[in-house]
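File shown: entry-v8.cif (mmCIF, C-alpha atoms).
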```cif
data_upload
loop_
_atom_site.label_atom_id
_atom_site.label_comp_id
_atom_site.auth_asym_id
_atom_site.auth_seq_id
_atom_site.Cartn_x
_atom_site.Cartn_y
_atom_site.Cartn_z
CA MET A 274 -15.37 42.84 14.48
CA SER A 275 -11.62 42.32 13.94
CA ASN A 276 -10.31 42.67 10.42
CA SER A 277 -8.17 39.54 10.97
CA LYS A 278 -11.24 37.37 10.54
CA LYS A 279 -13.27 36.87 7.43
CA THR A 280 -16.80 35.74 8.02
CA SER A 281 -18.41 36.65 4.73
CA GLU A 282 -18.01 34.79 1.50
CA ASP A 283 -15.57 35.99 -1.12
CA PRO A 284 -17.75 37.41 -3.88
CA ASN A 285 -15.07 36.52 -6.44
CA LYS A 286 -15.24 32.83 -5.55
CA THR A 287 -17.75 31.07 -7.77
CA VAL A 288 -19.81 28.01 -6.97
CA GLY A 289 -17.65 26.03 -9.36
CA GLU A 290 -14.49 27.01 -7.50
CA ARG A 291 -16.02 25.95 -4.21
CA LEU A 292 -17.09 22.63 -5.69
CA ASN A 293 -13.54 22.09 -6.94
CA ILE A 294 -12.19 22.75 -3.45
CA LEU A 295 -14.71 20.32 -1.96
CA PHE A 296 -13.67 17.71 -4.51
CA PHE A 297 -10.00 18.02 -3.59
CA ILE A 298 -10.82 17.92 0.12
CA ALA A 299 -12.80 14.71 -0.37
CA ALA A 300 -10.12 13.15 -2.59
CA ILE A 301 -7.24 13.89 -0.22
CA THR A 302 -9.30 12.79 2.78
CA LEU A 303 -9.92 9.49 1.00
CA VAL A 304 -6.17 9.10 0.46
CA VAL A 305 -5.55 9.65 4.18
CA LEU A 306 -8.21 7.10 5.14
CA VAL A 307 -6.77 4.54 2.72
CA ILE A 308 -3.29 5.02 4.17
CA LEU A 309 -4.45 4.76 7.76
CA TYR A 310 -6.85 1.87 7.25
CA LEU A 311 -5.35 -0.31 4.53
CA ARG A 312 -1.68 0.39 5.15
CA GLY A 313 -2.19 0.36 8.89
CA GLN A 314 -4.07 -2.92 8.75
CA GLU A 315 -1.42 -4.55 6.55
CA PHE A 316 1.31 -3.24 8.83
CA LEU A 317 -0.29 -4.81 11.91
CA VAL A 318 -0.94 -8.09 10.10
CA ASN A 319 2.71 -8.29 9.05
CA ILE A 320 3.87 -7.65 12.61
CA TYR A 321 1.66 -10.54 13.75
CA ARG A 322 3.04 -12.82 11.02
CA LEU A 323 6.59 -11.97 11.98
CA ARG A 324 5.83 -12.83 15.59
CA GLU A 325 4.38 -16.13 14.37
CA HIS A 326 7.49 -16.73 12.22
CA SER A 327 5.27 -17.25 9.18
CA ILE A 328 6.86 -18.87 6.16
CA ALA A 329 5.90 -15.89 3.98
CA VAL A 330 5.50 -12.24 4.95
CA GLU A 331 4.67 -9.27 2.73
CA VAL A 332 6.66 -6.25 3.87
CA SER A 333 6.45 -2.83 2.26
CA ASN A 334 9.28 -0.32 2.19
CA TRP A 335 6.64 2.40 2.01
CA ASP A 336 4.78 1.84 5.29
CA VAL A 337 6.59 4.36 7.51
CA PRO A 338 7.12 6.91 4.69
CA MET A 339 3.40 6.78 3.92
CA PHE A 340 2.50 7.25 7.58
CA LEU A 341 4.82 10.26 7.70
CA ALA A 342 3.02 11.67 4.67
CA VAL A 343 -0.32 11.73 6.51
CA PRO A 344 0.38 15.07 8.30
CA CYS A 345 1.35 16.49 4.90
CA PHE A 346 -2.04 15.55 3.46
CA VAL A 347 -3.85 16.77 6.58
CA SER A 348 -2.12 20.15 6.28
CA ILE A 349 -3.25 20.41 2.68
CA ILE A 350 -6.81 19.56 3.74
CA VAL A 351 -6.70 22.27 6.43
CA GLY A 352 -5.47 24.79 3.87
CA LEU A 353 -8.28 23.86 1.49
CA VAL A 354 -10.86 24.14 4.28
CA LEU A 355 -9.53 27.60 5.11
CA ARG A 356 -9.81 28.49 1.45
CA LEU A 357 -13.34 27.12 1.26
CA THR A 358 -14.50 29.02 4.35
CA ASP A 359 -12.72 32.24 3.35
CA TRP A 360 -10.34 32.10 6.29
CA ASP A 361 -7.32 31.73 4.04
CA ARG A 362 -5.11 34.47 5.48
CA ASP A 363 -1.50 34.48 4.31
CA LYS A 364 -0.04 33.39 7.65
CA ARG A 365 -2.45 30.49 8.00
CA ILE A 366 -1.79 29.26 4.48
CA GLN A 367 1.96 29.65 4.97
CA ARG A 368 1.79 27.52 8.10
CA CYS A 369 -0.15 24.82 6.28
CA VAL A 370 2.31 24.86 3.40
CA GLY A 371 5.25 24.79 5.79
CA VAL A 372 3.95 21.77 7.70
CA ALA A 373 3.10 19.98 4.45
CA LEU A 374 6.58 20.56 3.04
CA ILE A 375 8.31 19.41 6.23
CA PHE A 376 6.47 16.10 6.36
CA ALA A 377 6.72 15.61 2.60
CA PHE A 378 10.49 16.00 2.87
CA LEU A 379 10.63 13.62 5.85
CA SER A 380 8.58 11.04 3.97
CA ILE A 381 10.94 11.16 0.98
CA ALA A 382 14.11 11.31 3.07
CA VAL A 383 13.12 8.33 5.22
CA ARG A 384 12.22 6.06 2.29
CA ILE A 385 15.73 4.88 1.33
CA PRO A 386 17.16 4.32 4.84
CA TYR A 387 13.92 2.65 5.90
CA GLY A 388 14.19 0.27 2.94
CA PHE A 389 17.72 -0.69 3.97
CA ALA A 390 16.59 -1.12 7.57
CA VAL A 391 13.73 -3.41 6.51
CA ARG A 392 16.05 -5.56 4.39
CA SER A 393 18.63 -5.82 7.17
CA TYR A 394 15.99 -6.69 9.76
CA MET A 395 14.29 -9.34 7.62
CA GLU A 396 17.60 -10.96 6.75
CA SER A 397 18.56 -11.01 10.43
CA LEU A 398 15.39 -13.02 11.07
CA GLY A 399 16.40 -15.55 8.45
CA TYR A 400 14.07 -14.40 5.67
CA SER A 401 14.96 -14.10 1.99
CA SER A 402 13.30 -11.77 -0.49
CA CYS A 403 11.22 -13.58 -3.07
CA TRP A 404 10.66 -11.58 -6.24
CA GLN A 405 8.83 -14.49 -7.87
CA LEU A 406 5.96 -14.09 -5.41
CA SER A 407 6.12 -10.30 -5.16
CA SER A 408 3.85 -8.07 -7.20
CA PRO A 409 5.63 -6.00 -9.88
CA ALA A 410 3.33 -3.04 -9.21
CA ILE A 411 4.92 0.16 -7.92
CA MET A 412 4.91 0.50 -4.12
CA SER A 413 3.73 -3.09 -3.70
CA PRO A 414 5.18 -5.00 -0.75
CA THR A 415 8.03 -7.44 -1.15
CA VAL A 416 7.39 -11.04 -0.20
CA TRP A 417 9.92 -12.50 2.23
CA VAL A 418 10.13 -16.26 2.80
CA ARG A 419 11.84 -18.35 5.45
CA ASN A 420 13.07 -20.85 2.87
CA PRO A 421 14.19 -19.91 -0.67
CA GLY A 422 12.55 -23.15 -1.80
CA TYR A 423 9.18 -21.48 -1.34
CA CYS A 424 9.97 -19.17 -4.26
CA ILE A 425 8.39 -20.69 -7.34
CA GLU A 426 8.72 -19.20 -10.79
CA ASN A 427 5.89 -18.52 -13.22
CA VAL A 428 3.12 -18.41 -10.63
CA GLY A 429 2.14 -14.78 -11.14
CA SER A 430 -1.44 -15.65 -12.10
CA VAL A 431 -2.01 -17.51 -8.82
CA ARG A 432 0.34 -15.52 -6.62
CA ASN A 433 -2.37 -14.10 -4.36
CA PRO A 434 -4.23 -17.35 -3.63
CA LEU A 435 -0.91 -19.12 -3.07
CA LEU A 436 0.20 -16.50 -0.55
CA GLU A 437 -3.19 -16.67 1.13
CA TRP A 438 -2.88 -20.44 1.42
CA MET A 439 0.60 -20.09 2.90
CA SER A 440 -0.62 -17.51 5.43
CA LEU A 441 -3.44 -19.80 6.59
CA GLN A 442 -1.18 -22.70 7.48
CA PRO A 443 -1.08 -23.53 11.21
CA ASN A 444 1.92 -22.47 13.28
CA GLY A 445 2.87 -19.98 10.61
CA GLY A 446 3.49 -22.83 8.18
CA ALA A 447 6.42 -24.17 10.18
CA ASP A 448 5.63 -27.73 9.06
CA VAL A 449 5.13 -26.88 5.38
CA ALA A 450 7.89 -28.16 3.11
CA PRO A 451 8.86 -26.44 -0.16
CA ASN A 452 7.55 -29.38 -2.20
CA GLU A 453 4.12 -28.88 -0.60
CA VAL A 454 4.11 -25.25 -1.68
CA ARG A 455 5.11 -26.28 -5.18
CA ALA A 456 2.34 -28.90 -5.28
CA LYS A 457 -0.20 -26.31 -4.14
CA ALA A 458 1.04 -23.89 -6.79
CA GLU A 459 0.62 -26.53 -9.50
CA GLU A 460 -2.89 -27.27 -8.23
CA LEU A 461 -3.84 -23.59 -8.32
CA LEU A 462 -2.31 -23.19 -11.79
CA ALA A 463 -4.34 -26.14 -13.07
CA ILE A 464 -7.53 -24.61 -11.68
CA TYR A 465 -6.62 -21.24 -13.18
CA ASP A 466 -5.86 -22.72 -16.60
CA HIS A 467 -9.15 -24.60 -16.58
CA SER A 468 -11.08 -21.45 -15.68
CA GLN A 469 -9.38 -19.56 -18.50
CA LYS A 470 -10.23 -22.29 -21.00
CA MET A 471 -13.85 -22.15 -19.92
CA LYS A 472 -13.90 -18.36 -20.09
CA TYR A 473 -12.09 -17.97 -23.42
CA PRO A 474 -12.65 -21.23 -25.35
CA GLU A 475 -12.10 -19.59 -28.74
CA ILE A 476 -8.54 -18.60 -27.83
CA PHE A 477 -7.55 -22.09 -26.76
CA GLN A 478 -9.24 -23.59 -29.82
CA GLU A 479 -7.04 -21.42 -32.02
CA ASP A 480 -3.93 -22.50 -30.11
CA LYS A 481 -4.67 -26.15 -30.89
CA ARG A 482 -4.76 -25.52 -34.64
#
```
Write-out of the structure in structure tokens:
Amino acid sequence: MSNSKKTSEDPNKTVGERLNILFFIAAITLVVLVILYLRGQEFLVNIYRLREHSIAVEVSNWDVPMFLAVPCFVSIIVGLVLRLTDWDRDKRIQRCVGVALIFAFLSIAVRIPYGFAVRSYMESLGYSSCWQLSSPAIMSPTVWVRNPGYCIENVGSVRNPLLEWMSLQPNGGADVAPNEVRAKAEELLAIYDHSQKMKYPEIFQEDKR
């Protein structure tokens, strides 16, 4: 048998080390699946909403960079599998590392120009960024609206149901006026406040004193 292949287990590799490798393989695989499924699904939904000229669209500046990062993660997984199966020759590992570094660099390098491209494209379609409806979380998508009047302040607690309501309007919400969005926001806020009072009555009792 050729010496270039290793078919027997490395006696120096303990069960714990193999379990650690399996854990990292599973974790990184989960990351890849999340990117492909969740990010991919959101990306397709946003394309559909743009085609429908929806009044509100959530667009992430991280979509394409994250997709470019997938080969990086896959290369790491391949390297870990080689390590787990004792096929981790230097050349194979170097190739995996090389591919991972290339796509990691591409993912980082593309992020800034892609962000500018997204902003330019959305503005060319007549959309305005709405930070009031956008989540402050890192890497969260930015909400773009067709009318700045749809941006309502102090609605963070009902931001998601409000955006969902806007997305469910017929014809992309073409017939929805800003005052209707504001009225819906006030309705959702009233429901939210009532639910909080029912959930934490002691807090609201103290506020009345």
Quick one: what's the axis-aligned box for segment 298-301 of chain A, all listed atoms, 3 Å on every side, centre and edges in Å to one decimal, as lines of an AutoDock Vina configuration file?
```
center_x = -10.0
center_y = 15.5
center_z = -1.2
size_x = 11.6
size_y = 10.8
size_z = 8.7
```
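For Ser348 of chain A, the list of residues within 12 Å, based on all atoms listed in the file and with local chain neighbours fewer than 3 positions off taken out, reads Ile298, Ile301, Thr302, Val305, Ala342, Val343, Pro344, Cys345, Val351, Gly352, Leu353, Val354, Leu355, Arg365, Ile366, Gln367, Arg368, Cys369, Val370, Gly371, Val372, Ala373, Leu374, Ile375, Phe376 and Ala377 of chain A.
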Give me a file of those residues, with C-alpha atoms, as a PDB file, keeping the file's coordinate frame.
```pdb
ATOM      1  CA  ILE A 298     -10.820  17.920   0.120  1.00  0.00           C
ATOM      2  CA  ILE A 301      -7.240  13.890  -0.220  1.00  0.00           C
ATOM      3  CA  THR A 302      -9.300  12.790   2.780  1.00  0.00           C
ATOM      4  CA  VAL A 305      -5.550   9.650   4.180  1.00  0.00           C
ATOM      5  CA  ALA A 342       3.020  11.670   4.670  1.00  0.00           C
ATOM      6  CA  VAL A 343      -0.320  11.730   6.510  1.00  0.00           C
ATOM      7  CA  PRO A 344       0.380  15.070   8.300  1.00  0.00           C
ATOM      8  CA  CYS A 345       1.350  16.490   4.900  1.00  0.00           C
ATOM      9  CA  VAL A 351      -6.700  22.270   6.430  1.00  0.00           C
ATOM     10  CA  GLY A 352      -5.470  24.790   3.870  1.00  0.00           C
ATOM     11  CA  LEU A 353      -8.280  23.860   1.490  1.00  0.00           C
ATOM     12  CA  VAL A 354     -10.860  24.140   4.280  1.00  0.00           C
ATOM     13  CA  LEU A 355      -9.530  27.600   5.110  1.00  0.00           C
ATOM     14  CA  ARG A 365      -2.450  30.490   8.000  1.00  0.00           C
ATOM     15  CA  ILE A 366      -1.790  29.260   4.480  1.00  0.00           C
ATOM     16  CA  GLN A 367       1.960  29.650   4.970  1.00  0.00           C
ATOM     17  CA  ARG A 368       1.790  27.520   8.100  1.00  0.00           C
ATOM     18  CA  CYS A 369      -0.150  24.820   6.280  1.00  0.00           C
ATOM     19  CA  VAL A 370       2.310  24.860   3.400  1.00  0.00           C
ATOM     20  CA  GLY A 371       5.250  24.790   5.790  1.00  0.00           C
ATOM     21  CA  VAL A 372       3.950  21.770   7.700  1.00  0.00           C
ATOM     22  CA  ALA A 373       3.100  19.980   4.450  1.00  0.00           C
ATOM     23  CA  LEU A 374       6.580  20.560   3.040  1.00  0.00           C
ATOM     24  CA  ILE A 375       8.310  19.410   6.230  1.00  0.00           C
ATOM     25  CA  PHE A 376       6.470  16.100   6.360  1.00  0.00           C
ATOM     26  CA  ALA A 377       6.720  15.610   2.600  1.00  0.00           C
TER      27      ALA A 377
END
```
Separation of atom CA of Trp360 of chain A from atom CA of Thr287 of chain A, in Å and rounded to one decimal: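 Calculated distance between atom CA of Trp360 of chain A and atom CA of Thr287 of chain A is 15.9 Å.
The interatomic distance for the pair atom CA of Arg419 of chain A and atom CA of Asn433 of chain A works out to 17.8 Å.
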Quick one: pull the distance between atom CA of Val431 of chain A and atom CA of Leu462 of chain A, Å, one decimal. 6.4 Å
Can you turn the PyMOL selection byres ((chain A and resi 459) around 12) into a concrete residue list for this file, as a list in words? Ile425, Glu426, Asn427, Val428, Gly429, Ser430, Val431, Arg432, Pro434, Leu435, Asn452, Glu453, Val454, Arg455, Ala456, Lys457, Ala458, Glu460, Leu461, Leu462, Ala463, Ile464, Tyr465 and Asp466 of chain A
Which residues, named as in the file, does the PyMOL selection byres ((chain A and resi 399) around 12) pick out? Answer as an mmCIF file with C-alpha atoms, in the coordinates of the input.
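Now in selection02.cif:
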```
data_model
loop_
_atom_site.group_PDB
_atom_site.id
_atom_site.type_symbol
_atom_site.label_atom_id
_atom_site.label_comp_id
_atom_site.auth_asym_id
_atom_site.auth_seq_id
_atom_site.Cartn_x
_atom_site.Cartn_y
_atom_site.Cartn_z
ATOM 1 C CA LEU A 323 6.590 -11.970 11.980
ATOM 2 C CA HIS A 326 7.490 -16.730 12.220
ATOM 3 C CA SER A 327 5.270 -17.250 9.180
ATOM 4 C CA ILE A 328 6.860 -18.870 6.160
ATOM 5 C CA ALA A 329 5.900 -15.890 3.980
ATOM 6 C CA VAL A 330 5.500 -12.240 4.950
ATOM 7 C CA ARG A 392 16.050 -5.560 4.390
ATOM 8 C CA SER A 393 18.630 -5.820 7.170
ATOM 9 C CA TYR A 394 15.990 -6.690 9.760
ATOM 10 C CA MET A 395 14.290 -9.340 7.620
ATOM 11 C CA GLU A 396 17.600 -10.960 6.750
ATOM 12 C CA SER A 397 18.560 -11.010 10.430
ATOM 13 C CA LEU A 398 15.390 -13.020 11.070
ATOM 14 C CA TYR A 400 14.070 -14.400 5.670
ATOM 15 C CA SER A 401 14.960 -14.100 1.990
ATOM 16 C CA SER A 402 13.300 -11.770 -0.490
ATOM 17 C CA TRP A 417 9.920 -12.500 2.230
ATOM 18 C CA VAL A 418 10.130 -16.260 2.800
ATOM 19 C CA ARG A 419 11.840 -18.350 5.450
ATOM 20 C CA ASN A 420 13.070 -20.850 2.870
ATOM 21 C CA PRO A 421 14.190 -19.910 -0.670
#
```
Smallest atom-to-atom distance to Val347 of chain A: which of A:Val332, A:Leu303, A:Cys403, A:Val449, using only C-alpha atoms? A:Leu303
Looking at only C-alpha atoms, which of A:Leu306, A:Glu325, A:Ser468, A:Ala300 is the one that sits closest to Gln442 of chain A? A:Glu325
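Nearest residue to Leu441 of chain A among A:Val337, A:Leu379, A:Phe346, A:Arg322 is A:Arg322, counting all atoms listed in the file.
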Generate N, CA and C atoms for segment 364-397 of chain A and emit them as a CSV table (one decimal), in the coordinates of the input.
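See selection24.csv below for the written result:
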```
chain,number,residue,atom,x,y,z
A,364,LYS,N,-0.8,34.1,6.6
A,364,LYS,CA,0.0,33.4,7.6
A,364,LYS,C,-0.6,32.0,7.8
A,365,ARG,N,-1.9,31.8,7.8
A,365,ARG,CA,-2.4,30.5,8.0
A,365,ARG,C,-2.1,29.6,6.9
A,366,ILE,N,-2.1,30.1,5.6
A,366,ILE,CA,-1.8,29.3,4.5
A,366,ILE,C,-0.3,28.9,4.5
A,367,GLN,N,0.5,29.9,4.9
A,367,GLN,CA,2.0,29.6,5.0
A,367,GLN,C,2.3,28.6,6.0
A,368,ARG,N,1.6,28.6,7.1
A,368,ARG,CA,1.8,27.5,8.1
A,368,ARG,C,1.4,26.2,7.6
A,369,CYS,N,0.3,26.1,6.9
A,369,CYS,CA,-0.2,24.8,6.3
A,369,CYS,C,0.9,24.3,5.3
A,370,VAL,N,1.3,25.2,4.4
A,370,VAL,CA,2.3,24.9,3.4
A,370,VAL,C,3.6,24.4,4.1
A,371,GLY,N,4.0,25.1,5.1
A,371,GLY,CA,5.2,24.8,5.8
A,371,GLY,C,5.2,23.4,6.4
A,372,VAL,N,4.1,23.1,7.1
A,372,VAL,CA,4.0,21.8,7.7
A,372,VAL,C,3.9,20.7,6.6
A,373,ALA,N,3.2,21.0,5.5
A,373,ALA,CA,3.1,20.0,4.4
A,373,ALA,C,4.5,19.7,3.8
A,374,LEU,N,5.3,20.7,3.6
A,374,LEU,CA,6.6,20.6,3.0
A,374,LEU,C,7.5,19.8,4.0
A,375,ILE,N,7.4,20.1,5.3
A,375,ILE,CA,8.3,19.4,6.2
A,375,ILE,C,8.1,17.9,6.2
A,376,PHE,N,6.8,17.5,6.3
A,376,PHE,CA,6.5,16.1,6.4
A,376,PHE,C,6.6,15.4,5.0
A,377,ALA,N,6.5,16.2,3.9
A,377,ALA,CA,6.7,15.6,2.6
A,377,ALA,C,8.2,15.3,2.5
A,378,PHE,N,9.0,16.2,2.9
A,378,PHE,CA,10.5,16.0,2.9
A,378,PHE,C,10.9,14.8,3.7
A,379,LEU,N,10.3,14.7,5.0
A,379,LEU,CA,10.6,13.6,5.8
A,379,LEU,C,10.2,12.3,5.2
A,380,SER,N,9.1,12.3,4.6
A,380,SER,CA,8.6,11.0,4.0
A,380,SER,C,9.5,10.6,2.9
A,381,ILE,N,10.0,11.5,2.1
A,381,ILE,CA,10.9,11.2,1.0
A,381,ILE,C,12.3,10.8,1.5
A,382,ALA,N,12.8,11.5,2.5
A,382,ALA,CA,14.1,11.3,3.1
A,382,ALA,C,14.2,10.0,3.8
A,383,VAL,N,13.1,9.6,4.4
A,383,VAL,CA,13.1,8.3,5.2
A,383,VAL,C,13.0,7.1,4.3
A,384,ARG,N,12.5,7.2,3.1
A,384,ARG,CA,12.2,6.1,2.3
A,384,ARG,C,13.4,5.2,2.1
A,385,ILE,N,14.6,5.7,1.7
A,385,ILE,CA,15.7,4.9,1.3
A,385,ILE,C,16.3,4.2,2.6
A,386,PRO,N,16.6,5.0,3.7
A,386,PRO,CA,17.2,4.3,4.8
A,386,PRO,C,16.2,3.3,5.5
A,387,TYR,N,14.9,3.6,5.4
A,387,TYR,CA,13.9,2.6,5.9
A,387,TYR,C,13.9,1.3,5.1
A,388,GLY,N,14.1,1.5,3.8
A,388,GLY,CA,14.2,0.3,2.9
A,388,GLY,C,15.4,-0.6,3.3
A,389,PHE,N,16.5,0.1,3.5
A,389,PHE,CA,17.7,-0.7,4.0
A,389,PHE,C,17.5,-1.3,5.3
A,390,ALA,N,16.8,-0.6,6.2
A,390,ALA,CA,16.6,-1.1,7.6
A,390,ALA,C,15.7,-2.3,7.5
A,391,VAL,N,14.7,-2.3,6.7
A,391,VAL,CA,13.7,-3.4,6.5
A,391,VAL,C,14.5,-4.6,6.0
A,392,ARG,N,15.3,-4.4,5.0
A,392,ARG,CA,16.0,-5.6,4.4
A,392,ARG,C,17.0,-6.2,5.4
A,393,SER,N,17.7,-5.3,6.2
A,393,SER,CA,18.6,-5.8,7.2
A,393,SER,C,17.9,-6.6,8.3
A,394,TYR,N,16.7,-6.1,8.7
A,394,TYR,CA,16.0,-6.7,9.8
A,394,TYR,C,15.4,-8.0,9.3
A,395,MET,N,14.9,-8.1,8.1
A,395,MET,CA,14.3,-9.3,7.6
A,395,MET,C,15.4,-10.4,7.4
A,396,GLU,N,16.5,-10.0,6.9
A,396,GLU,CA,17.6,-11.0,6.8
A,396,GLU,C,18.1,-11.5,8.1
A,397,SER,N,18.1,-10.6,9.1
A,397,SER,CA,18.6,-11.0,10.4
A,397,SER,C,17.6,-12.0,11.0
```
